[in-house]
file start-v8.pdb (PDB, N, CA and C atoms)
ATOM      1  N   MET S   1    -167.420-107.950 259.708
ATOM      2  CA  MET S   1    -166.991-106.599 259.405
ATOM      3  C   MET S   1    -165.523-106.595 259.010
ATOM      4  N   ASP S   2    -165.222-105.874 257.945
ATOM      5  CA  ASP S   2    -163.829-105.682 257.560
ATOM      6  C   ASP S   2    -163.218-104.632 258.470
ATOM      7  N   GLU S   3    -161.968-104.827 258.820
ATOM      8  CA  GLU S   3    -161.275-103.818 259.622
ATOM      9  C   GLU S   3    -160.936-102.631 258.735
ATOM     10  N   HIS S   4    -160.950-101.445 259.312
ATOM     11  CA  HIS S   4    -160.577-100.244 258.575
ATOM     12  C   HIS S   4    -160.101 -99.179 259.551
ATOM     13  N   LEU S   5    -159.505 -98.159 259.008
ATOM     14  CA  LEU S   5    -158.994 -97.037 259.780
ATOM     15  C   LEU S   5    -159.856 -95.821 259.480
ATOM     16  N   ALA S   6    -160.151 -95.013 260.493
ATOM     17  CA  ALA S   6    -160.960 -93.812 260.293
ATOM     18  C   ALA S   6    -160.286 -92.620 260.974
ATOM     19  N   PRO S   7    -159.379 -91.930 260.266
ATOM     20  CA  PRO S   7    -158.765 -90.731 260.843
ATOM     21  C   PRO S   7    -159.818 -89.688 261.185
ATOM     22  N   VAL S   8    -159.585 -88.951 262.265
ATOM     23  CA  VAL S   8    -160.492 -87.894 262.696
ATOM     24  C   VAL S   8    -159.882 -86.555 262.302
ATOM     25  N   LEU S   9    -160.657 -85.735 261.607
ATOM     26  CA  LEU S   9    -160.218 -84.408 261.200
ATOM     27  C   LEU S   9    -161.051 -83.365 261.921
ATOM     28  N   ARG S  10    -160.398 -82.337 262.431
ATOM     29  CA  ARG S  10    -161.081 -81.240 263.124
ATOM     30  C   ARG S  10    -161.661 -80.305 262.084
ATOM     31  N   VAL S  11    -162.953 -80.001 262.210
ATOM     32  CA  VAL S  11    -163.635 -79.085 261.296
ATOM     33  C   VAL S  11    -164.489 -78.112 262.107
ATOM     34  N   THR S  12    -164.795 -76.972 261.524
ATOM     35  CA  THR S  12    -165.641 -76.001 262.221
ATOM     36  C   THR S  12    -167.110 -76.145 261.859
ATOM     37  N   ASP S  13    -167.394 -76.667 260.662
ATOM     38  CA  ASP S  13    -168.772 -76.864 260.213
ATOM     39  C   ASP S  13    -168.833 -78.212 259.500
ATOM     40  N   ALA S  14    -169.327 -79.230 260.184
ATOM     41  CA  ALA S  14    -169.325 -80.597 259.661
ATOM     42  C   ALA S  14    -170.124 -80.722 258.365
ATOM     43  N   ASP S  15    -171.258 -80.023 258.263
ATOM     44  CA  ASP S  15    -172.055 -80.105 257.033
ATOM     45  C   ASP S  15    -171.306 -79.507 255.846
ATOM     46  N   ALA S  16    -170.713 -78.333 256.030
ATOM     47  CA  ALA S  16    -169.952 -77.698 254.956
ATOM     48  C   ALA S  16    -168.753 -78.558 254.563
ATOM     49  N   SER S  17    -168.095 -79.142 255.545
ATOM     50  CA  SER S  17    -166.947 -79.999 255.261
ATOM     51  C   SER S  17    -167.362 -81.258 254.511
ATOM     52  N   ALA S  18    -168.457 -81.878 254.929
ATOM     53  CA  ALA S  18    -168.947 -83.071 254.231
ATOM     54  C   ALA S  18    -169.252 -82.742 252.768
ATOM     55  N   ARG S  19    -169.840 -81.580 252.510
ATOM     56  CA  ARG S  19    -170.107 -81.166 251.122
ATOM     57  C   ARG S  19    -168.797 -80.968 250.362
ATOM     58  N   TRP S  20    -167.778 -80.386 251.004
ATOM     59  CA  TRP S  20    -166.487 -80.177 250.351
ATOM     60  C   TRP S  20    -165.866 -81.524 249.980
ATOM     61  N   TYR S  21    -165.967 -82.507 250.857
ATOM     62  CA  TYR S  21    -165.375 -83.824 250.613
ATOM     63  C   TYR S  21    -166.118 -84.619 249.538
ATOM     64  N   GLU S  22    -167.312 -84.187 249.164
ATOM     65  CA  GLU S  22    -168.043 -84.856 248.084
ATOM     66  C   GLU S  22    -167.264 -84.808 246.782
ATOM     67  N   ARG S  23    -166.505 -83.737 246.546
ATOM     68  CA  ARG S  23    -165.723 -83.646 245.303
ATOM     69  C   ARG S  23    -164.661 -84.732 245.227
ATOM     70  N   LEU S  24    -164.268 -85.260 246.385
ATOM     71  CA  LEU S  24    -163.322 -86.379 246.428
ATOM     72  C   LEU S  24    -164.044 -87.723 246.430
ATOM     73  N   GLY S  25    -165.348 -87.696 246.259
ATOM     74  CA  GLY S  25    -166.112 -88.928 246.186
ATOM     75  C   GLY S  25    -166.621 -89.454 247.517
ATOM     76  N   PHE S  26    -166.463 -88.683 248.590
ATOM     77  CA  PHE S  26    -166.943 -89.112 249.903
ATOM     78  C   PHE S  26    -168.432 -88.834 250.044
ATOM     79  N   VAL S  27    -169.102 -89.709 250.785
ATOM     80  CA  VAL S  27    -170.535 -89.601 251.034
ATOM     81  C   VAL S  27    -170.765 -89.618 252.541
ATOM     82  N   LYS S  28    -171.615 -88.736 253.011
ATOM     83  CA  LYS S  28    -171.951 -88.698 254.442
ATOM     84  C   LYS S  28    -172.729 -89.962 254.795
ATOM     85  N   GLN S  29    -172.257 -90.683 255.826
ATOM     86  CA  GLN S  29    -172.899 -91.926 256.248
ATOM     87  C   GLN S  29    -173.757 -91.732 257.494
ATOM     88  N   TRP S  30    -173.293 -90.917 258.414
ATOM     89  CA  TRP S  30    -174.014 -90.731 259.666
ATOM     90  C   TRP S  30    -173.551 -89.445 260.348
ATOM     91  N   GLU S  31    -174.340 -89.027 261.325
ATOM     92  CA  GLU S  31    -174.023 -87.837 262.128
ATOM     93  C   GLU S  31    -174.433 -88.110 263.564
ATOM     94  N   HIS S  32    -173.615 -87.631 264.506
ATOM     95  CA  HIS S  32    -173.925 -87.798 265.925
ATOM     96  C   HIS S  32    -173.790 -86.458 266.641
ATOM     97  N   ARG S  33    -174.710 -86.217 267.576
ATOM     98  CA  ARG S  33    -174.679 -85.060 268.476
ATOM     99  C   ARG S  33    -175.216 -85.513 269.817
ATOM    100  N   PHE S  34    -174.553 -85.120 270.886
ATOM    101  CA  PHE S  34    -175.042 -85.471 272.216
ATOM    102  C   PHE S  34    -176.302 -84.678 272.585
ATOM    103  N   ALA S  35    -176.403 -83.468 272.051
ATOM    104  CA  ALA S  35    -177.571 -82.608 272.274
ATOM    105  C   ALA S  35    -177.620 -81.602 271.120
ATOM    106  N   PRO S  36    -178.788 -81.019 270.837
ATOM    107  CA  PRO S  36    -178.926 -80.114 269.687
ATOM    108  C   PRO S  36    -177.952 -78.941 269.660
ATOM    109  N   ASP S  37    -177.510 -78.456 270.802
ATOM    110  CA  ASP S  37    -176.621 -77.299 270.836
ATOM    111  C   ASP S  37    -175.143 -77.676 270.959
ATOM    112  N   LEU S  38    -174.819 -78.960 270.893
ATOM    113  CA  LEU S  38    -173.430 -79.422 271.019
ATOM    114  C   LEU S  38    -172.825 -79.714 269.642
ATOM    115  N   PRO S  39    -171.488 -79.800 269.575
ATOM    116  CA  PRO S  39    -170.809 -80.039 268.295
ATOM    117  C   PRO S  39    -171.225 -81.363 267.652
ATOM    118  N   ARG S  40    -171.078 -81.389 266.334
ATOM    119  CA  ARG S  40    -171.400 -82.592 265.553
ATOM    120  C   ARG S  40    -170.162 -83.434 265.289
ATOM    121  N   TYR S  41    -170.410 -84.704 265.059
ATOM    122  CA  TYR S  41    -169.385 -85.687 264.709
ATOM    123  C   TYR S  41    -169.975 -86.472 263.544
ATOM    124  N   VAL S  42    -169.322 -86.424 262.376
ATOM    125  CA  VAL S  42    -169.892 -86.962 261.145
ATOM    126  C   VAL S  42    -168.942 -87.995 260.538
ATOM    127  N   GLY S  43    -169.513 -89.082 260.048
ATOM    128  CA  GLY S  43    -168.735 -90.096 259.348
ATOM    129  C   GLY S  43    -168.972 -90.007 257.855
ATOM    130  N   ILE S  44    -167.883 -89.976 257.070
ATOM    131  CA  ILE S  44    -167.978 -89.973 255.618
ATOM    132  C   ILE S  44    -167.160 -91.136 255.075
ATOM    133  N   THR S  45    -167.568 -91.674 253.922
ATOM    134  CA  THR S  45    -166.856 -92.802 253.335
ATOM    135  C   THR S  45    -166.723 -92.635 251.830
ATOM    136  N   ARG S  46    -165.708 -93.303 251.311
ATOM    137  CA  ARG S  46    -165.506 -93.430 249.858
ATOM    138  C   ARG S  46    -164.950 -94.830 249.654
ATOM    139  N   GLY S  47    -165.785 -95.726 249.165
ATOM    140  CA  GLY S  47    -165.347 -97.116 249.039
ATOM    141  C   GLY S  47    -164.950 -97.630 250.413
ATOM    142  N   GLY S  48    -163.727 -98.133 250.539
ATOM    143  CA  GLY S  48    -163.237 -98.634 251.820
ATOM    144  C   GLY S  48    -162.566 -97.580 252.683
ATOM    145  N   MET S  49    -162.557 -96.310 252.226
ATOM    146  CA  MET S  49    -161.935 -95.239 253.004
ATOM    147  C   MET S  49    -162.971 -94.593 253.913
ATOM    148  N   HIS S  50    -162.577 -94.322 255.143
ATOM    149  CA  HIS S  50    -163.455 -93.707 256.132
ATOM    150  C   HIS S  50    -162.751 -92.502 256.751
ATOM    151  N   LEU S  51    -163.471 -91.417 256.905
ATOM    152  CA  LEU S  51    -162.982 -90.250 257.628
ATOM    153  C   LEU S  51    -164.066 -89.819 258.602
ATOM    154  N   HIS S  52    -163.641 -89.313 259.754
ATOM    155  CA  HIS S  52    -164.572 -88.727 260.718
ATOM    156  C   HIS S  52    -164.278 -87.241 260.787
ATOM    157  N   LEU S  53    -165.320 -86.433 260.719
ATOM    158  CA  LEU S  53    -165.208 -84.978 260.792
ATOM    159  C   LEU S  53    -165.796 -84.539 262.117
ATOM    160  N   SER S  54    -164.978 -83.904 262.940
ATOM    161  CA  SER S  54    -165.413 -83.559 264.290
ATOM    162  C   SER S  54    -165.353 -82.062 264.551
ATOM    163  N   GLU S  55    -166.454 -81.528 265.084
ATOM    164  CA  GLU S  55    -166.485 -80.138 265.524
ATOM    165  C   GLU S  55    -166.002 -80.000 266.965
ATOM    166  N   HIS S  56    -165.712 -81.101 267.629
ATOM    167  CA  HIS S  56    -165.236 -81.080 269.020
ATOM    168  C   HIS S  56    -163.789 -80.589 269.049
ATOM    169  N   THR S  57    -163.510 -79.565 269.842
ATOM    170  CA  THR S  57    -162.191 -78.935 269.839
ATOM    171  C   THR S  57    -161.066 -79.858 270.288
ATOM    172  N   GLY S  58    -161.332 -80.844 271.121
ATOM    173  CA  GLY S  58    -160.265 -81.693 271.616
ATOM    174  C   GLY S  58    -159.992 -82.941 270.810
ATOM    175  N   ASP S  59    -160.740 -83.184 269.743
ATOM    176  CA  ASP S  59    -160.590 -84.443 269.009
ATOM    177  C   ASP S  59    -159.385 -84.501 268.082
ATOM    178  N   ALA S  60    -159.032 -83.426 267.456
ATOM    179  CA  ALA S  60    -157.921 -83.430 266.511
ATOM    180  C   ALA S  60    -157.435 -82.002 266.328
ATOM    181  N   ARG S  61    -156.275 -81.873 265.746
ATOM    182  CA  ARG S  61    -155.719 -80.549 265.485
ATOM    183  C   ARG S  61    -155.956 -80.143 264.048
ATOM    184  N   PRO S  62    -156.287 -78.902 263.810
ATOM    185  CA  PRO S  62    -156.370 -78.432 262.420
ATOM    186  C   PRO S  62    -155.007 -78.596 261.743
ATOM    187  N   GLY S  63    -155.035 -78.798 260.450
ATOM    188  CA  GLY S  63    -153.779 -78.934 259.709
ATOM    189  C   GLY S  63    -153.284 -80.362 259.596
ATOM    190  N   THR S  64    -154.087 -81.326 259.978
ATOM    191  CA  THR S  64    -153.705 -82.731 259.868
ATOM    192  C   THR S  64    -153.488 -83.091 258.403
ATOM    193  N   LEU S  65    -152.582 -84.027 258.147
ATOM    194  CA  LEU S  65    -152.315 -84.516 256.796
ATOM    195  C   LEU S  65    -152.789 -85.958 256.692
ATOM    196  N   VAL S  66    -153.615 -86.239 255.669
ATOM    197  CA  VAL S  66    -154.092 -87.589 255.382
ATOM    198  C   VAL S  66    -153.731 -87.904 253.940
ATOM    199  N   TYR S  67    -153.224 -89.120 253.708
ATOM    200  CA  TYR S  67    -152.887 -89.552 252.349
ATOM    201  C   TYR S  67    -153.952 -90.521 251.873
ATOM    202  N   LEU S  68    -154.548 -90.232 250.713
ATOM    203  CA  LEU S  68    -155.574 -91.088 250.129
ATOM    204  C   LEU S  68    -155.008 -91.756 248.884
ATOM    205  N   TYR S  69    -155.003 -93.071 248.857
ATOM    206  CA  TYR S  69    -154.595 -93.811 247.669
ATOM    207  C   TYR S  69    -155.830 -94.091 246.829
ATOM    208  N   VAL S  70    -155.802 -93.697 245.568
ATOM    209  CA  VAL S  70    -156.938 -93.887 244.674
ATOM    210  C   VAL S  70    -156.480 -94.564 243.391
ATOM    211  N   GLY S  71    -157.429 -95.116 242.663
ATOM    212  CA  GLY S  71    -157.108 -95.816 241.428
ATOM    213  C   GLY S  71    -156.773 -94.894 240.276
ATOM    214  N   ASP S  72    -157.336 -93.687 240.248
ATOM    215  CA  ASP S  72    -157.131 -92.760 239.137
ATOM    216  C   ASP S  72    -156.876 -91.355 239.674
ATOM    217  N   VAL S  73    -155.616 -91.037 239.907
ATOM    218  CA  VAL S  73    -155.256 -89.740 240.480
ATOM    219  C   VAL S  73    -155.611 -88.587 239.549
ATOM    220  N   ASP S  74    -155.559 -88.822 238.240
ATOM    221  CA  ASP S  74    -155.873 -87.746 237.300
ATOM    222  C   ASP S  74    -157.346 -87.354 237.366
ATOM    223  N   ALA S  75    -158.232 -88.327 237.503
ATOM    224  CA  ALA S  75    -159.657 -88.036 237.630
ATOM    225  C   ALA S  75    -159.932 -87.274 238.925
ATOM    226  N   MET S  76    -159.273 -87.666 240.014
ATOM    227  CA  MET S  76    -159.452 -86.975 241.291
ATOM    228  C   MET S  76    -158.930 -85.546 241.207
ATOM    229  N   ALA S  77    -157.788 -85.362 240.550
ATOM    230  CA  ALA S  77    -157.226 -84.019 240.394
ATOM    231  C   ALA S  77    -158.199 -83.134 239.612
ATOM    232  N   ALA S  78    -158.753 -83.668 238.536
ATOM    233  CA  ALA S  78    -159.709 -82.900 237.736
ATOM    234  C   ALA S  78    -160.933 -82.524 238.562
ATOM    235  N   ALA S  79    -161.417 -83.436 239.396
ATOM    236  CA  ALA S  79    -162.586 -83.159 240.245
ATOM    237  C   ALA S  79    -162.298 -82.046 241.242
ATOM    238  N   CYS S  80    -161.024 -81.872 241.594
ATOM    239  CA  CYS S  80    -160.624 -80.835 242.553
ATOM    240  C   CYS S  80    -160.138 -79.565 241.864
ATOM    241  N   GLY S  81    -160.167 -79.534 240.544
ATOM    242  CA  GLY S  81    -159.698 -78.358 239.818
ATOM    243  C   GLY S  81    -158.188 -78.245 239.776
ATOM    244  N   ILE S  82    -157.497 -79.342 239.977
ATOM    245  CA  ILE S  82    -156.039 -79.368 239.956
ATOM    246  C   ILE S  82    -155.580 -79.783 238.561
ATOM    247  N   SER S  83    -154.726 -78.985 237.934
ATOM    248  CA  SER S  83    -154.281 -79.292 236.574
ATOM    249  C   SER S  83    -152.932 -79.996 236.530
ATOM    250  N   GLU S  84    -152.201 -79.963 237.632
ATOM    251  CA  GLU S  84    -150.867 -80.557 237.628
ATOM    252  C   GLU S  84    -150.733 -81.598 238.733
ATOM    253  N   VAL S  85    -150.385 -82.818 238.340
ATOM    254  CA  VAL S  85    -150.143 -83.919 239.273
ATOM    255  C   VAL S  85    -148.643 -84.167 239.304
ATOM    256  N   ASP S  86    -148.081 -84.305 240.499
ATOM    257  CA  ASP S  86    -146.636 -84.489 240.661
ATOM    258  C   ASP S  86    -146.237 -85.940 240.444
ATOM    259  N   ASP S  87    -145.144 -86.145 239.699
ATOM    260  CA  ASP S  87    -144.551 -87.469 239.553
ATOM    261  C   ASP S  87    -143.507 -87.637 240.645
ATOM    262  N   MET S  88    -143.718 -88.634 241.501
ATOM    263  CA  MET S  88    -142.820 -88.889 242.615
ATOM    264  C   MET S  88    -142.237 -90.295 242.470
ATOM    265  N   GLU S  89    -141.265 -90.629 243.308
ATOM    266  CA  GLU S  89    -140.653 -91.963 243.256
ATOM    267  C   GLU S  89    -141.681 -93.055 243.507
ATOM    268  N   TRP S  90    -142.639 -92.807 244.407
ATOM    269  CA  TRP S  90    -143.606 -93.823 244.813
ATOM    270  C   TRP S  90    -144.860 -93.846 243.939
ATOM    271  N   GLY S  91    -145.060 -92.789 243.125
ATOM    272  CA  GLY S  91    -146.253 -92.717 242.286
ATOM    273  C   GLY S  91    -146.532 -91.291 241.873
ATOM    274  N   ARG S  92    -147.794 -91.007 241.596
ATOM    275  CA  ARG S  92    -148.206 -89.674 241.189
ATOM    276  C   ARG S  92    -149.201 -89.154 242.209
ATOM    277  N   ASP S  93    -149.047 -87.874 242.615
ATOM    278  CA  ASP S  93    -149.981 -87.323 243.598
ATOM    279  C   ASP S  93    -150.129 -85.815 243.500
ATOM    280  N   PHE S  94    -151.089 -85.302 244.249
ATOM    281  CA  PHE S  94    -151.313 -83.868 244.378
ATOM    282  C   PHE S  94    -151.834 -83.614 245.787
ATOM    283  N   GLU S  95    -151.844 -82.360 246.191
ATOM    284  CA  GLU S  95    -152.316 -82.011 247.526
ATOM    285  C   GLU S  95    -153.386 -80.932 247.451
ATOM    286  N   VAL S  96    -154.416 -81.081 248.280
ATOM    287  CA  VAL S  96    -155.455 -80.069 248.444
ATOM    288  C   VAL S  96    -155.625 -79.815 249.935
ATOM    289  N   THR S  97    -156.206 -78.671 250.244
ATOM    290  CA  THR S  97    -156.454 -78.301 251.638
ATOM    291  C   THR S  97    -157.940 -78.044 251.800
ATOM    292  N   ASP S  98    -158.532 -78.660 252.831
ATOM    293  CA  ASP S  98    -159.970 -78.470 253.062
ATOM    294  C   ASP S  98    -160.217 -77.099 253.697
ATOM    295  N   PRO S  99    -161.461 -76.694 253.845
ATOM    296  CA  PRO S  99    -161.763 -75.355 254.379
ATOM    297  C   PRO S  99    -161.229 -75.098 255.786
ATOM    298  N   ASP S 100    -160.878 -76.146 256.532
ATOM    299  CA  ASP S 100    -160.367 -75.983 257.896
ATOM    300  C   ASP S 100    -158.856 -76.133 257.990
ATOM    301  N   GLY S 101    -158.180 -76.216 256.851
ATOM    302  CA  GLY S 101    -156.723 -76.293 256.851
ATOM    303  C   GLY S 101    -156.161 -77.703 256.909
ATOM    304  N   ASN S 102    -157.007 -78.726 256.908
ATOM    305  CA  ASN S 102    -156.517 -80.101 256.852
ATOM    306  C   ASN S 102    -156.037 -80.385 255.440
ATOM    307  N   ARG S 103    -154.874 -81.028 255.359
ATOM    308  CA  ARG S 103    -154.285 -81.304 254.050
ATOM    309  C   ARG S 103    -154.566 -82.746 253.642
ATOM    310  N   LEU S 104    -154.877 -82.918 252.380
ATOM    311  CA  LEU S 104    -155.083 -84.246 251.824
ATOM    312  C   LEU S 104    -154.164 -84.415 250.640
ATOM    313  N   ARG S 105    -153.341 -85.426 250.701
ATOM    314  CA  ARG S 105    -152.533 -85.796 249.556
ATOM    315  C   ARG S 105    -153.247 -86.967 248.908
ATOM    316  N   VAL S 106    -153.442 -86.875 247.613
ATOM    317  CA  VAL S 106    -154.181 -87.896 246.883
ATOM    318  C   VAL S 106    -153.252 -88.444 245.818
ATOM    319  N   GLY S 107    -153.106 -89.768 245.798
ATOM    320  CA  GLY S 107    -152.164 -90.330 244.841
ATOM    321  C   GLY S 107    -152.487 -91.727 244.386
ATOM    322  N   THR S 108    -151.814 -92.102 243.308
ATOM    323  CA  THR S 108    -151.871 -93.454 242.773
ATOM    324  C   THR S 108    -150.434 -93.977 242.777
ATOM    325  N   PRO S 109    -150.188 -95.106 243.454
ATOM    326  CA  PRO S 109    -148.835 -95.641 243.529
ATOM    327  C   PRO S 109    -148.395 -96.231 242.187
ATOM    328  N   LYS S 110    -147.068 -96.308 241.975
ATOM    329  CA  LYS S 110    -146.530 -96.910 240.745
ATOM    330  C   LYS S 110    -146.803 -98.412 240.730
ATOM    331  N   THR S 111    -146.793 -99.009 241.894
ATOM    332  CA  THR S 111    -147.090-100.438 242.012
ATOM    333  C   THR S 111    -148.218-100.617 242.994
ATOM    334  N   ALA S 112    -148.883-101.741 242.931
ATOM    335  CA  ALA S 112    -149.990-102.007 243.858
ATOM    336  C   ALA S 112    -149.498-102.006 245.282
ATOM    337  N   ILE S 113    -150.354-101.529 246.181
ATOM    338  CA  ILE S 113    -150.017-101.476 247.617
ATOM    339  C   ILE S 113    -150.155-102.852 248.203
TER     340      ILE S 113
END

call {"tool": "encode", "arguments": {"input": "start-v8.pdb", "output": "structure tokens"}}
result
Amino acid sequence: MDEHLAPVLRVTDADASARWYERLGFVKQWEHRFAPDLPRYVGITRGGMHLHLSEHTGDARPGTLVYLYVGDVDAMAAACGISEVDDMEWGRDFEVTDPDGNRLRVGTPKTAI
């Protein structure tokens, strides 16, 4: 197994959030619930990127910021309906906010990471 990082984001509706993240190329991999009436915990992936979406109130705070490095920031911006990508010292990026207030900065670095 390759090592990877999986930030946990607090969401109110894991299914709706997973659908929202599809525009960024993420795919739902699995879902866990301790019982039918308890909150869901969902894993989504995009290539080697992993995110966990949790309905559990104690897992994470709303408003978390995650930075996603991608190969083509312009294509990602277009998929999100963003027309303007910022030129920064480190590369080009833009920011979107998911339905629960979590912020995602998506960018392509000027040089390889």

call {"tool": "atom_distance", "arguments": {"input": "start-v8.pdb", "atom1": "atom N of Arg105 of chain S", "atom2": "atom N of Arg33 of chain S"}}
result
27.2 Å

call {"tool": "residues_around", "arguments": {"input": "start-v8.pdb", "residues": "segment 47-57 of chain S", "least_positions_apart": "4", "cutoff": "7 Å", "atoms": "all atoms listed in the file", "output": "ChimeraX atom specification"}}
result
/S:4-14,25-26,39-43,61

call {"tool": "resolve_selection", "arguments": {"input": "start-v8.pdb", "expression": "the PyMOL selection byres ((chain S and resi 101) around 6.5)", "output": "PyMOL selection string"}}
result
chain S and resi 62-64+97-100+102-103

call {"tool": "resolve_selection", "arguments": {"input": "start-v8.pdb", "expression": "the PyMOL selection byres ((chain S and resi 91) around 8)", "output": "list in words"}}
result
Val85, Asp86, Asp87, Met88, Glu89, Trp90, Arg92, Asp93, Phe94, Gly107, Thr108, Pro109, Lys110 and Thr111 of chain S

call {"tool": "atom_distance", "arguments": {"input": "start-v8.pdb", "atom1": "atom N of Leu104 of chain S", "atom2": "atom CA of Ile82 of chain S"}}
result
13.0 Å

call {"tool": "select_by_dssp", "arguments": {"input": "start-v8.pdb", "residues": "segment 44-112 of chain S", "states": "strand (DSSP E or B)", "output": "PyMOL selection string"}}
result
chain S and resi 44-46+49-54+65-69+86-87+91-97+103-109

call {"tool": "closest_residue", "arguments": {"input": "start-v8.pdb", "among": "S:Ala60, S:Leu65, S:Ala16, S:Val106", "to": "Ala77 of chain S", "atoms": "only N, CA and C atoms"}}
result
S:Val106

call {"tool": "atom_distance", "arguments": {"input": "start-v8.pdb", "atom1": "atom CA of Met76 of chain S", "atom2": "atom CA of Arg46 of chain S"}}
result
12.3 Å

call {"tool": "axis_aligned_box", "arguments": {"input": "start-v8.pdb", "around": "segment 21-37 of chain S", "padding_each_side": "8 Å", "output": "lines of an AutoDock Vina configuration file"}}
result
center_x = -171.1
center_y = -84.6
center_z = 258.9
size_x = 31.6
size_y = 30.6
size_z = 43.4

call {"tool": "select_by_dssp", "arguments": {"input": "start-v8.pdb", "residues": "segment 3-99 of chain S", "states": "alpha helix (DSSP H)", "output": "list in words"}}
result
Ala14, Asp15, Ala16, Ser17, Ala18, Arg19, Trp20, Tyr21, Val73, Asp74, Ala75, Met76, Ala77, Ala78 and Ala79 of chain S

call {"tool": "residues_around", "arguments": {"input": "start-v8.pdb", "residues": "Ala79 of chain S", "least_positions_apart": "4", "cutoff": "10 Å", "atoms": "only C-alpha atoms", "output": "list in words"}}
result
Glu22, Arg23, Leu24, Gly25, Val73, Asp74, Ala75 and Ser83 of chain S

call {"tool": "closest_residue", "arguments": {"input": "start-v8.pdb", "among": "S:Trp20, S:Ile44, S:Gly71, S:Pro36", "to": "Val96 of chain S", "atoms": "only C-alpha atoms"}}
result
S:Trp20

call {"tool": "closest_residue", "arguments": {"input": "start-v8.pdb", "among": "S:Asp15, S:Glu95, S:Asp37, S:Glu3", "to": "Leu68 of chain S", "atoms": "only C-alpha atoms"}}
result
S:Glu95

call {"tool": "decode", "arguments": {"input": "start-v8.pdb", "residues": "segment 103-108 of chain S", "atoms": "all heavy atoms", "output": "PDB file, in the first residue's frame"}}
result
ATOM      1  N   ARG S 103     -13.471  25.072   2.641  1.00  0.00           N
ATOM      2  CA  ARG S 103     -12.846  25.742   1.503  1.00  0.00           C
ATOM      3  C   ARG S 103     -11.823  24.820   0.849  1.00  0.00           C
ATOM      4  O   ARG S 103     -11.079  24.128   1.522  1.00  0.00           O
ATOM      5  CB  ARG S 103     -12.162  27.028   1.965  1.00  0.00           C
ATOM      6  CG  ARG S 103     -13.141  28.021   2.557  1.00  0.00           C
ATOM      7  CD  ARG S 103     -12.458  29.246   3.113  1.00  0.00           C
ATOM      8  NE  ARG S 103     -11.327  28.874   3.947  1.00  0.00           N
ATOM      9  CZ  ARG S 103     -10.201  29.570   4.038  1.00  0.00           C
ATOM     10  NH1 ARG S 103     -10.033  30.675   3.375  1.00  0.00           N
ATOM     11  NH2 ARG S 103      -9.231  29.168   4.825  1.00  0.00           N
ATOM     12  N   LEU S 104     -11.810  24.844  -0.463  1.00  0.00           N
ATOM     13  CA  LEU S 104     -10.830  24.087  -1.224  1.00  0.00           C
ATOM     14  C   LEU S 104     -10.104  25.035  -2.144  1.00  0.00           C
ATOM     15  O   LEU S 104     -10.738  25.736  -2.946  1.00  0.00           O
ATOM     16  CB  LEU S 104     -11.507  22.993  -2.060  1.00  0.00           C
ATOM     17  CG  LEU S 104     -12.058  21.886  -1.193  1.00  0.00           C
ATOM     18  CD1 LEU S 104     -13.536  22.037  -1.061  1.00  0.00           C
ATOM     19  CD2 LEU S 104     -11.655  20.565  -1.738  1.00  0.00           C
ATOM     20  N   ARG S 105      -8.806  25.076  -2.009  1.00  0.00           N
ATOM     21  CA  ARG S 105      -7.985  25.814  -2.947  1.00  0.00           C
ATOM     22  C   ARG S 105      -7.423  24.782  -3.906  1.00  0.00           C
ATOM     23  O   ARG S 105      -6.909  23.751  -3.482  1.00  0.00           O
ATOM     24  CB  ARG S 105      -6.858  26.537  -2.216  1.00  0.00           C
ATOM     25  CG  ARG S 105      -6.922  28.010  -2.469  1.00  0.00           C
ATOM     26  CD  ARG S 105      -5.873  28.778  -1.721  1.00  0.00           C
ATOM     27  NE  ARG S 105      -6.595  29.621  -0.778  1.00  0.00           N
ATOM     28  CZ  ARG S 105      -6.120  30.038   0.366  1.00  0.00           C
ATOM     29  NH1 ARG S 105      -4.927  29.712   0.749  1.00  0.00           N
ATOM     30  NH2 ARG S 105      -6.858  30.786   1.136  1.00  0.00           N
ATOM     31  N   VAL S 106      -7.555  25.054  -5.183  1.00  0.00           N
ATOM     32  CA  VAL S 106      -7.127  24.112  -6.208  1.00  0.00           C
ATOM     33  C   VAL S 106      -6.093  24.818  -7.063  1.00  0.00           C
ATOM     34  O   VAL S 106      -6.331  25.926  -7.544  1.00  0.00           O
ATOM     35  CB  VAL S 106      -8.328  23.683  -7.086  1.00  0.00           C
ATOM     36  CG1 VAL S 106      -7.894  22.665  -8.121  1.00  0.00           C
ATOM     37  CG2 VAL S 106      -9.465  23.140  -6.218  1.00  0.00           C
ATOM     38  N   GLY S 107      -4.934  24.182  -7.220  1.00  0.00           N
ATOM     39  CA  GLY S 107      -3.886  24.861  -7.969  1.00  0.00           C
ATOM     40  C   GLY S 107      -2.922  23.944  -8.674  1.00  0.00           C
ATOM     41  O   GLY S 107      -2.862  22.743  -8.418  1.00  0.00           O
ATOM     42  N   THR S 108      -2.177  24.557  -9.582  1.00  0.00           N
ATOM     43  CA  THR S 108      -1.092  23.895 -10.289  1.00  0.00           C
ATOM     44  C   THR S 108       0.171  24.702  -9.986  1.00  0.00           C
ATOM     45  O   THR S 108       0.203  25.906 -10.243  1.00  0.00           O
ATOM     46  CB  THR S 108      -1.355  23.873 -11.812  1.00  0.00           C
ATOM     47  OG1 THR S 108      -2.559  23.143 -12.048  1.00  0.00           O
ATOM     48  CG2 THR S 108      -0.209  23.218 -12.548  1.00  0.00           C
TER      49      THR S 108
END
